[in-house]
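Asker: Data: protein-v4.cif, mmCIF, C-alpha atoms (C1' of nucleotides).
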data_entry
#
loop_
_atom_site.label_atom_id
_atom_site.label_comp_id
_atom_site.auth_asym_id
_atom_site.auth_seq_id
_atom_site.Cartn_x
_atom_site.Cartn_y
_atom_site.Cartn_z
CA MET S 1 1.77 -25.73 -9.80
CA ALA S 2 -1.27 -25.84 -7.55
CA THR S 3 -4.31 -23.73 -6.80
CA ILE S 4 -5.07 -23.11 -3.15
CA THR S 5 -7.36 -20.97 -1.04
CA VAL S 6 -6.12 -18.89 1.86
CA LYS S 7 -7.99 -17.08 4.63
CA LYS S 8 -7.63 -13.40 5.42
CA GLY S 9 -4.59 -12.90 7.63
CA GLU S 10 -2.81 -16.06 6.60
CA ILE S 11 0.92 -15.75 5.99
CA ILE S 12 1.93 -17.49 2.76
CA GLN S 13 5.64 -16.75 2.72
CA ARG S 14 8.04 -15.56 5.40
CA SER S 15 11.17 -13.45 4.96
CA GLY S 16 14.23 -15.69 5.08
CA ALA S 17 12.48 -18.68 3.52
CA LEU S 18 14.23 -20.63 0.81
CA ASN S 19 12.68 -21.88 -2.39
CA SER S 20 10.29 -18.91 -2.62
CA LYS S 21 7.44 -19.27 -5.10
CA VAL S 22 5.52 -17.17 -7.58
CA TYR S 23 1.87 -16.51 -6.71
CA PHE S 24 -0.87 -15.64 -9.16
CA VAL S 25 -4.00 -14.19 -7.56
CA ASN S 26 -7.23 -15.56 -9.02
CA SER S 27 -9.44 -13.74 -6.52
CA GLY S 28 -8.88 -11.82 -3.32
CA LEU S 29 -5.93 -9.65 -2.34
CA LEU S 30 -2.37 -10.35 -1.20
CA ARG S 31 0.39 -8.04 -0.08
CA GLY S 32 4.18 -8.30 0.01
CA TYR S 33 6.12 -6.48 2.72
CA THR S 34 9.32 -6.37 4.73
CA ILE S 35 9.85 -5.83 8.43
CA ASP S 36 12.84 -3.68 9.35
CA GLU S 37 15.07 -4.05 12.39
CA LYS S 38 12.87 -1.63 14.33
CA GLY S 39 9.92 -3.95 13.74
CA LYS S 40 8.24 -1.62 11.28
CA GLU S 41 6.37 -3.00 8.26
CA HIS S 42 7.04 -1.61 4.79
CA ILE S 43 4.54 -2.66 2.15
CA PHE S 44 6.23 -3.35 -1.12
CA ILE S 45 3.40 -4.36 -3.36
CA PHE S 46 -0.31 -5.16 -3.35
CA ALA S 47 -1.58 -7.98 -5.54
CA PRO S 48 -5.33 -7.92 -6.30
CA GLU S 49 -7.01 -10.33 -8.72
CA ASN S 50 -5.01 -11.14 -11.85
CA TRP S 51 -1.75 -9.82 -10.41
CA THR S 52 1.36 -11.87 -9.83
CA ILE S 53 3.43 -11.47 -6.70
CA ALA S 54 6.90 -12.90 -6.00
CA ASP S 55 10.11 -12.11 -4.23
CA ALA S 56 12.93 -10.94 -6.49
CA GLN S 57 15.39 -13.48 -5.10
CA ALA S 58 16.41 -16.63 -6.90
CA PRO S 59 14.87 -19.70 -5.20
CA GLU S 60 18.18 -20.86 -3.71
CA PHE S 61 18.60 -17.62 -1.75
CA PRO S 62 16.57 -16.59 1.31
CA CYS S 63 13.80 -14.25 0.25
CA ASP S 64 13.26 -10.69 1.54
CA LEU S 65 9.49 -10.43 1.51
CA PHE S 66 6.66 -11.59 3.68
CA ILE S 67 3.50 -12.32 1.74
CA ASP S 68 0.08 -12.59 3.37
CA ALA S 69 -3.61 -12.40 2.50
CA LEU S 70 -5.59 -9.21 3.14
CA GLU S 71 -8.79 -10.94 2.01
CA ASP S 72 -9.84 -14.57 1.59
CA SER S 73 -8.12 -15.43 -1.68
CA THR S 74 -7.69 -18.12 -4.30
CA ILE S 75 -4.16 -18.27 -5.66
CA THR S 76 -2.14 -20.39 -8.03
CA VAL S 77 1.36 -21.25 -6.86
CA PHE S 78 4.21 -21.74 -9.34
CA GLN S 79 7.69 -23.05 -8.68
CA LYS S 80 10.48 -20.62 -9.46
CA ASP S 81 12.16 -22.85 -11.95
CA ILE S 82 15.11 -21.02 -13.46
CA THR S 83 14.87 -22.85 -16.75
CA GLN S 84 11.13 -22.18 -16.85
CA GLU S 85 11.57 -18.54 -15.94
CA GLY S 86 13.79 -18.30 -18.97
CA LYS S 87 10.71 -18.89 -21.05
CA ASN S 88 9.10 -15.88 -19.52
CA VAL S 89 11.86 -13.33 -19.69
CA GLU S 90 9.41 -10.67 -20.77
CA ALA S 91 7.51 -10.98 -17.51
CA LEU S 92 10.77 -10.71 -15.60
CA ILE S 93 11.77 -7.58 -17.50
CA LYS S 94 8.36 -6.06 -16.92
CA ARG S 95 8.75 -6.65 -13.17
CA MET S 96 12.19 -5.03 -13.29
CA SER S 97 10.81 -1.99 -15.01
CA VAL S 98 8.12 -1.68 -12.32
CA LEU S 99 10.81 -1.81 -9.64
CA GLN S 100 12.92 0.78 -11.45
CA LYS S 101 9.97 3.14 -11.72
CA ARG S 102 9.21 2.66 -8.03
CA ILE S 103 12.75 3.75 -7.16
CA ILE S 104 12.45 6.80 -9.39
CA MET S 105 9.15 7.63 -7.64
CA LEU S 106 10.67 7.34 -4.17
CA MET S 107 13.59 9.56 -5.17
CA SER S 108 11.71 12.27 -7.09
CA TYR S 109 8.15 12.61 -5.88
CA SER S 110 6.45 14.02 -2.78
CA ALA S 111 4.12 11.92 -0.66
CA MET S 112 1.07 13.50 -2.30
CA GLU S 113 2.35 12.77 -5.79
CA ARG S 114 3.06 9.20 -4.74
CA PHE S 115 -0.48 8.92 -3.39
CA GLU S 116 -1.91 10.10 -6.70
CA HIS S 117 0.25 7.54 -8.48
CA PHE S 118 -0.95 4.82 -6.10
CA ILE S 119 -4.56 5.60 -7.04
CA GLU S 120 -3.71 5.22 -10.72
CA THR S 121 -1.82 1.98 -10.16
CA TYR S 122 -4.44 0.35 -7.92
CA PRO S 123 -7.70 2.13 -8.83
CA ASN S 124 -9.99 -0.39 -7.13
CA ILE S 125 -8.29 -1.26 -3.89
CA LEU S 126 -8.33 2.16 -2.18
CA LYS S 127 -11.43 1.19 -0.17
CA ARG S 128 -10.39 -2.42 0.31
CA VAL S 129 -7.30 -1.89 2.45
CA PRO S 130 -6.86 0.05 5.73
CA GLN S 131 -5.38 3.54 5.41
CA LYS S 132 -2.39 2.55 7.48
CA MET S 133 -1.39 0.01 4.85
CA ILE S 134 -1.65 2.56 2.08
CA ALA S 135 0.51 4.86 4.19
CA SER S 136 3.02 2.08 4.60
CA TYR S 137 3.09 1.49 0.85
CA LEU S 138 3.72 5.20 0.29
CA GLY S 139 6.48 5.28 2.90
CA ILE S 140 4.69 7.71 5.26
CA THR S 141 2.71 7.47 8.51
CA PRO S 142 -1.10 7.09 8.63
CA GLU S 143 -1.31 10.55 10.21
CA ALA S 144 0.56 12.11 7.30
CA LEU S 145 -1.71 10.33 4.81
CA SER S 146 -4.72 11.68 6.67
CA THR S 147 -3.57 15.28 6.30
CA ILE S 148 -2.63 14.72 2.65
CA LYS S 149 -6.12 13.46 1.88
CA LYS S 150 -7.63 16.48 3.62
CA ARG S 151 -5.46 18.87 1.60
CA LYS S 152 -6.38 17.03 -1.62
CA GLY S 153 -10.08 17.29 -0.84
CA LYS S 154 -9.91 21.05 -0.28
CA LYS S 155 -8.60 22.05 -3.70
CA MET Z 1 28.64 -6.92 -29.40
CA ALA Z 2 31.41 -4.35 -29.70
CA THR Z 3 34.04 -2.78 -27.49
CA ILE Z 4 34.27 1.01 -27.59
CA THR Z 5 36.02 3.80 -25.73
CA VAL Z 6 34.18 6.86 -24.50
CA LYS Z 7 35.44 10.17 -23.17
CA LYS Z 8 34.51 11.61 -19.78
CA GLY Z 9 31.23 13.47 -20.11
CA GLU Z 10 30.03 11.58 -23.15
CA ILE Z 11 26.37 10.51 -23.11
CA ILE Z 12 25.98 6.91 -24.18
CA GLN Z 13 22.23 6.50 -23.87
CA ARG Z 14 19.40 9.02 -23.55
CA SER Z 15 16.09 8.61 -21.76
CA GLY Z 16 13.37 7.83 -24.29
CA ALA Z 17 15.67 5.97 -26.64
CA LEU Z 18 14.50 2.71 -28.13
CA ASN Z 19 16.57 -0.43 -28.48
CA SER Z 20 18.54 0.27 -25.30
CA LYS Z 21 21.68 -1.82 -24.79
CA VAL Z 22 23.56 -3.54 -21.99
CA TYR Z 23 26.97 -2.05 -21.15
CA PHE Z 24 29.82 -3.88 -19.48
CA VAL Z 25 32.53 -1.60 -18.09
CA ASN Z 26 36.07 -2.86 -18.75
CA SER Z 27 37.71 0.24 -17.31
CA GLY Z 28 36.54 3.67 -16.20
CA LEU Z 29 33.23 4.66 -14.63
CA LEU Z 30 29.69 5.11 -15.94
CA ARG Z 31 26.53 6.28 -14.23
CA GLY Z 32 22.82 5.80 -14.91
CA TYR Z 33 20.39 8.57 -13.96
CA THR Z 34 16.99 10.09 -14.65
CA ILE Z 35 16.00 13.72 -15.00
CA ASP Z 36 12.67 14.66 -13.42
CA GLU Z 37 10.18 17.21 -14.70
CA LYS Z 38 11.80 19.92 -12.58
CA GLY Z 39 15.09 19.24 -14.38
CA LYS Z 40 16.69 17.58 -11.38
CA GLU Z 41 19.05 14.62 -11.84
CA HIS Z 42 18.58 11.44 -9.79
CA ILE Z 43 21.48 9.01 -9.95
CA PHE Z 44 20.28 5.46 -10.09
CA ILE Z 45 23.45 3.47 -10.28
CA PHE Z 46 27.21 3.81 -10.65
CA ALA Z 47 29.09 1.29 -12.76
CA PRO Z 48 32.84 1.07 -12.16
CA GLU Z 49 35.10 -1.54 -13.77
CA ASN Z 50 33.59 -5.01 -14.09
CA TRP Z 51 30.04 -3.80 -13.47
CA THR Z 52 27.19 -4.07 -15.93
CA ILE Z 53 24.75 -1.23 -16.45
CA ALA Z 54 21.47 -1.33 -18.35
CA ASP Z 55 17.99 0.14 -18.34
CA ALA Z 56 15.32 -2.22 -17.01
CA GLN Z 57 13.07 -1.73 -20.04
CA ALA Z 58 12.69 -4.26 -22.81
CA PRO Z 59 14.42 -3.01 -25.96
CA GLU Z 60 11.17 -2.29 -27.78
CA PHE Z 61 10.10 0.23 -25.13
CA PRO Z 62 11.60 3.70 -24.58
CA CYS Z 63 14.14 3.52 -21.78
CA ASP Z 64 14.06 5.56 -18.57
CA LEU Z 65 17.72 6.11 -17.88
CA PHE Z 66 20.42 8.38 -19.19
CA ILE Z 67 23.84 6.75 -19.12
CA ASP Z 68 27.05 8.75 -19.37
CA ALA Z 69 30.77 8.45 -18.61
CA LEU Z 70 32.22 10.01 -15.44
CA GLU Z 71 35.73 9.00 -16.54
CA ASP Z 72 37.29 8.00 -19.85
CA SER Z 73 36.10 4.42 -20.15
CA THR Z 74 36.32 1.27 -22.22
CA ILE Z 75 33.01 -0.56 -22.45
CA THR Z 76 31.59 -3.57 -24.20
CA VAL Z 77 28.12 -3.10 -25.67
CA PHE Z 78 25.66 -5.99 -25.90
CA GLN Z 79 22.33 -6.08 -27.69
CA LYS Z 80 19.34 -6.74 -25.47
CA ASP Z 81 18.27 -9.82 -27.25
CA ILE Z 82 15.29 -11.35 -25.48
CA THR Z 83 16.18 -14.86 -26.53
CA GLN Z 84 19.77 -14.31 -25.45
CA GLU Z 85 18.73 -12.73 -22.15
CA GLY Z 86 16.87 -15.94 -21.47
CA LYS Z 87 20.22 -17.64 -21.25
CA ASN Z 88 21.23 -15.31 -18.48
CA VAL Z 89 18.19 -15.35 -16.27
CA GLU Z 90 20.33 -15.53 -13.17
CA ALA Z 91 21.93 -12.19 -13.97
CA LEU Z 92 18.46 -10.72 -14.50
CA ILE Z 93 17.23 -12.04 -11.18
CA LYS Z 94 20.31 -10.70 -9.44
CA ARG Z 95 19.61 -7.26 -10.86
CA MET Z 96 16.02 -7.50 -9.66
CA SER Z 97 17.13 -8.34 -6.18
CA VAL Z 98 19.44 -5.31 -6.17
CA LEU Z 99 16.53 -3.11 -7.19
CA GLN Z 100 14.28 -4.62 -4.51
CA LYS Z 101 16.89 -3.98 -1.84
CA ARG Z 102 17.30 -0.39 -3.05
CA ILE Z 103 13.57 0.19 -2.59
CA ILE Z 104 13.69 -1.29 0.91
CA MET Z 105 16.64 1.03 1.67
CA LEU Z 106 14.80 4.11 0.45
CA MET Z 107 11.73 3.20 2.50
CA SER Z 108 13.41 2.18 5.75
CA TYR Z 109 16.75 3.91 6.22
CA SER Z 110 17.88 7.43 7.09
CA ALA Z 111 20.24 9.35 4.84
CA MET Z 112 23.19 8.51 7.07
CA GLU Z 113 22.41 4.79 6.99
CA ARG Z 114 22.08 4.99 3.21
CA PHE Z 115 25.46 6.71 3.03
CA GLU Z 116 27.07 3.94 5.04
CA HIS Z 117 25.49 1.39 2.75
CA PHE Z 118 26.78 3.30 -0.28
CA ILE Z 119 30.33 3.04 1.06
CA GLU Z 120 29.96 -0.71 1.42
CA THR Z 121 28.48 -1.11 -2.05
CA TYR Z 122 31.03 1.08 -3.84
CA PRO Z 123 34.09 1.03 -1.56
CA ASN Z 124 36.51 2.44 -4.12
CA ILE Z 125 34.59 5.19 -5.86
CA LEU Z 126 34.00 7.55 -2.95
CA LYS Z 127 36.94 9.72 -3.98
CA ARG Z 128 36.35 9.31 -7.70
CA VAL Z 129 33.00 11.07 -8.02
CA PRO Z 130 31.93 14.58 -6.93
CA GLN Z 131 30.05 14.82 -3.64
CA LYS Z 132 27.00 16.21 -5.38
CA MET Z 133 26.65 12.97 -7.34
CA ILE Z 134 26.88 10.86 -4.21
CA ALA Z 135 24.23 13.08 -2.68
CA SER Z 136 22.05 12.57 -5.75
CA TYR Z 137 22.49 8.79 -5.48
CA LEU Z 138 21.43 8.95 -1.82
CA GLY Z 139 18.43 11.13 -2.61
CA ILE Z 140 19.61 14.14 -0.59
CA THR Z 141 21.24 17.51 -1.32
CA PRO Z 142 25.03 18.05 -1.33
CA GLU Z 143 24.61 20.34 1.69
CA ALA Z 144 22.91 17.59 3.67
CA LEU Z 145 25.64 15.12 2.73
CA SER Z 146 28.22 17.59 3.94
CA THR Z 147 26.66 17.81 7.39
CA ILE Z 148 26.19 14.04 7.56
CA LYS Z 149 29.88 13.51 6.87
CA LYS Z 150 30.81 16.03 9.56
CA ARG Z 151 28.57 14.27 12.10
CA LYS Z 152 30.02 10.91 11.14
CA GLY Z 153 33.59 12.16 11.59
CA LYS Z 154 32.85 13.49 15.09
CA LYS Z 155 31.79 10.22 16.66
"C1'" DA V 1 48.53 34.22 -14.66
"C1'" DT V 2 44.05 35.71 -14.41
"C1'" DT V 3 39.48 35.17 -15.12
"C1'" DT V 4 35.59 32.16 -15.02
"C1'" DT V 5 33.14 28.43 -13.68
"C1'" DC V 6 32.28 24.77 -10.88
"C1'" DC V 7 32.38 22.53 -6.37
"C1'" DA V 8 32.42 21.87 -1.13
"C1'" DT V 9 31.46 23.72 3.11
"C1'" DT V 10 28.96 26.35 6.66
"C1'" DA V 11 25.18 28.71 8.66
"C1'" DA V 12 20.20 30.63 8.91
"C1'" DT V 13 15.79 29.73 7.97
"C1'" DG V 14 11.89 26.96 6.07
"C1'" DT V 15 9.04 22.82 5.51
"C1'" DA V 16 7.42 17.99 4.86
"C1'" DG V 17 6.59 14.56 7.41
"C1'" DA V 18 7.45 11.97 12.20
"C1'" DT V 19 6.08 11.59 16.77
"C1'" DT V 20 3.08 11.97 20.53
"C1'" DA V 21 -1.25 12.28 22.35
"C1'" DA V 22 -6.10 12.65 22.45
"C1'" DG V 23 -10.75 11.86 20.95
"C1'" DA V 24 -14.29 9.91 17.60
"C1'" DA V 25 -16.06 6.10 14.81
"C1'" DC V 26 -16.10 1.70 13.67
"C1'" DG V 27 -15.88 -3.04 14.14
"C1'" DC V 28 -16.30 -7.62 16.89
"C1'" DA V 29 -16.93 -10.55 21.03
"C1'" DC V 30 -19.67 -11.59 24.73
"C1'" DG E 1 -27.27 -4.14 24.08
"C1'" DT E 2 -22.23 -3.14 26.71
"C1'" DG E 3 -17.35 -3.41 26.52
"C1'" DC E 4 -12.95 -3.59 24.03
"C1'" DG E 5 -9.83 -3.33 20.48
"C1'" DT E 6 -8.65 -1.26 16.16
"C1'" DT E 7 -8.69 2.39 12.92
"C1'" DC E 8 -9.07 7.18 11.49
"C1'" DT E 9 -8.66 11.93 12.36
"C1'" DT E 10 -6.97 16.25 14.36
"C1'" DA E 11 -3.72 19.05 16.65
"C1'" DA E 12 0.92 20.28 19.02
"C1'" DT E 13 5.46 19.67 18.94
"C1'" DC E 14 9.81 17.94 16.99
"C1'" DT E 15 13.34 16.64 13.58
"C1'" DA E 16 15.57 15.47 9.25
"C1'" DC E 17 16.44 17.38 5.41
"C1'" DA E 18 15.61 21.34 1.80
"C1'" DT E 19 16.41 25.91 0.48
"C1'" DT E 20 18.90 30.04 0.27
"C1'" DA E 21 22.89 32.49 0.61
"C1'" DA E 22 27.65 33.49 1.52
"C1'" DT E 23 32.55 32.01 1.36
"C1'" DG E 24 36.72 29.83 -0.12
"C1'" DG E 25 39.07 26.54 -3.05
"C1'" DA E 26 39.96 23.79 -7.17
"C1'" DA E 27 39.58 23.14 -12.05
"C1'" DA E 28 39.06 24.76 -16.61
"C1'" DA E 29 39.29 28.35 -20.04
"C1'" DT E 30 41.38 32.16 -22.05
#
As a first step, turn the structure in this file into structure tokens.
Answerer:
Amino acid sequence: MATITVKKGEIIQRSGALNSKVYFVNSGLLRGYTIDEKGKEHIFIFAPENWTIADAQAPEFPCDLFIDALEDSTITVFQKDITQEGKNVEALIKRMSVLQKRIIMLMSYSAMERFEHFIETYPNILKRVPQKMIASYLGITPEALSTIKKRKGKK
Amino acid sequence: MATITVKKGEIIQRSGALNSKVYFVNSGLLRGYTIDEKGKEHIFIFAPENWTIADAQAPEFPCDLFIDALEDSTITVFQKDITQEGKNVEALIKRMSVLQKRIIMLMSYSAMERFEHFIETYPNILKRVPQKMIASYLGITPEALSTIKKRKGKK
DNA sequence: ATTTTCCATTAATGTAGATTAAGAACGCAC
DNA sequence: GTGCGTTCTTAATCTACATTAATGGAAAAT
């Protein structure tokens, strides 16, 4: 366990890395994302202050997610110790339930509904991240997000 | 822990239920699904023999998933005991990683790519479940699945 | 066996969102 | 300041998939 500071733009974890860690954000903003075979980024999660971010893989398997800093941040890094994680099963289950709900969202809701849900989930980061990243989190293009916002404003 | 038999069509767990369990399938076939506010089913997971199926929620929270039997089945039911689950953290993490990959799939892949992935994941249940359920698992309509299969056959 | 219900396929049309392209507004470097 | 890159917006066109509807077949009910 160690507390470190990272600069905006710094990559903290790369997809494919072994022994992936758990990161607690004291201040600043991180994001976790994948890059598909066409080179396109897909943002999986944002982690503002007091959020925890981690890949779902066990430490002995290569991880799926890139993690980088969207703002200068102070973060605390924890080892993924299986025996330790056992002590925090509730946190694990909570993360699973978040993932399950995200799948349900992707399967059942339109882009506009997902945008409204994003605003509820991350009320204070809407102005802190570029639109294109929000679009990526929602699974749509920046252009589509632009038109959605316009439609929302009108009604 | 108890082993029970269920008939095809029987609902084993309802969305909203408390104290949700973990089900291990000895024989037969279960599925987990949600129903959205428009009444539409979204299949989350299939569980053929030797698979485990469970809602991601902690037992003290209402669960999200319906679970029912697509074939006559024999299943072993386990309590979700937090202290016990701690002993099986690896299984939990494995389930998380499956969920994470499912999200990546939904965000990055076309319906046809998802269909191909479905066949790899569940090689032996393609003929055991109705097309409409496969379509629901993929997040598309049965009609769309029909045309995808035709296109696939042609090349 | 016959009726009923459910299911798969096909085709016509509709729509959400992707793609492409262009221009406007904002940085940031020099 | 002037350039230059990056981001956001708007609009035109395109495409994957949804919706609707019709048909035929299989399963279940009587």
Asker: Show me, as a tab-separated table (two decimals) with C-alpha atoms, in the frame of the given file, every residue of chain S with an atom at most 8 Å from chain V, counting all atoms listed in the file.
Answerer:
chain	number	residue	atom	x	y	z
S	140	ILE	CA	4.69	7.71	5.26
S	141	THR	CA	2.71	7.47	8.51
S	144	ALA	CA	0.56	12.11	7.30
Asker: List as a PDB file with C-alpha atoms, in the coordinates of the input the protein and nucleic acid residues near S:Phe24, meaning an atom at most 8 Å away when all atoms listed in the file are counted, but skip any in the same chain fewer than 3 places from it.
Answerer:
ATOM      1  CA  ASN S  50      -5.010 -11.140 -11.850  1.00  0.00           C
ATOM      2  CA  TRP S  51      -1.750  -9.820 -10.410  1.00  0.00           C
ATOM      3  CA  THR S  52       1.360 -11.870  -9.830  1.00  0.00           C
ATOM      4  CA  ILE S  53       3.430 -11.470  -6.700  1.00  0.00           C
ATOM      5  CA  ILE S  75      -4.160 -18.270  -5.660  1.00  0.00           C
ATOM      6  CA  THR S  76      -2.140 -20.390  -8.030  1.00  0.00           C
ATOM      7  CA  VAL S  77       1.360 -21.250  -6.860  1.00  0.00           C
ATOM      8  CA  PHE S  78       4.210 -21.740  -9.340  1.00  0.00           C
TER       9      PHE S  78
END
Asker: Enter the distance from atom CA of Z:Met133 to atom CA of Z:Val25, in Å, rounded to one decimal.
Answerer: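 Computing it gives 19.0 Å between the two atoms.
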Asker: Point out the residue among Z:Asn19, Z:Leu30, Z:Ser97, Z:Lys152 with the least atom-to-atom distance to Z:Pro62, counting all atoms listed in the file.
Answerer: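 The closest residue to Z:Pro62 is Z:Asn19.
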Asker: Need to verify the contact set: S:Lys80, 9 Å, only C-alpha atoms (C1' of nucleotides), exclusion of same-chain residues closer than 6 positions in sequence. Can you return it as a PDB file with C-alpha atoms, in the coordinates of the input?
Answerer:
ATOM      1  CA  ASN S  19      12.680 -21.880  -2.390  1.00  0.00           C
ATOM      2  CA  SER S  20      10.290 -18.910  -2.620  1.00  0.00           C
ATOM      3  CA  LYS S  21       7.440 -19.270  -5.100  1.00  0.00           C
ATOM      4  CA  VAL S  22       5.520 -17.170  -7.580  1.00  0.00           C
ATOM      5  CA  ALA S  58      16.410 -16.630  -6.900  1.00  0.00           C
ATOM      6  CA  PRO S  59      14.870 -19.700  -5.200  1.00  0.00           C
TER       7      PRO S  59
END
Asker: Chain S residues within 9 Å of chain Z, counting only C-alpha atoms: which ones, as a ChimeraX atom specification?
Answerer: /S:34,36,40,42,44,55-58,64,82-83,85-90,92-104,106-108,137-140
Asker: Given the file shown, enumerate the residues that the PyMOL selection byres ((chain S) within 10 of (chain E)) captures and present them as an mmCIF file with C-alpha atoms, keeping the file's coordinate frame.
Answerer:
data_model
loop_
_atom_site.group_PDB
_atom_site.id
_atom_site.type_symbol
_atom_site.label_atom_id
_atom_site.label_comp_id
_atom_site.auth_asym_id
_atom_site.auth_seq_id
_atom_site.Cartn_x
_atom_site.Cartn_y
_atom_site.Cartn_z
ATOM 1 C CA PRO S 130 -6.860 0.050 5.730
ATOM 2 C CA GLN S 131 -5.380 3.540 5.410
ATOM 3 C CA LYS S 132 -2.390 2.550 7.480
ATOM 4 C CA PRO S 142 -1.100 7.090 8.630
ATOM 5 C CA GLU S 143 -1.310 10.550 10.210
ATOM 6 C CA SER S 146 -4.720 11.680 6.670
ATOM 7 C CA THR S 147 -3.570 15.280 6.300
ATOM 8 C CA LYS S 150 -7.630 16.480 3.620
#
Asker: Quick one: distance from atom CA of Z:Leu70 to atom CA of Z:Pro123 in Å, one decimal?
Answerer: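 Distance between the two atoms: 16.6 Å.
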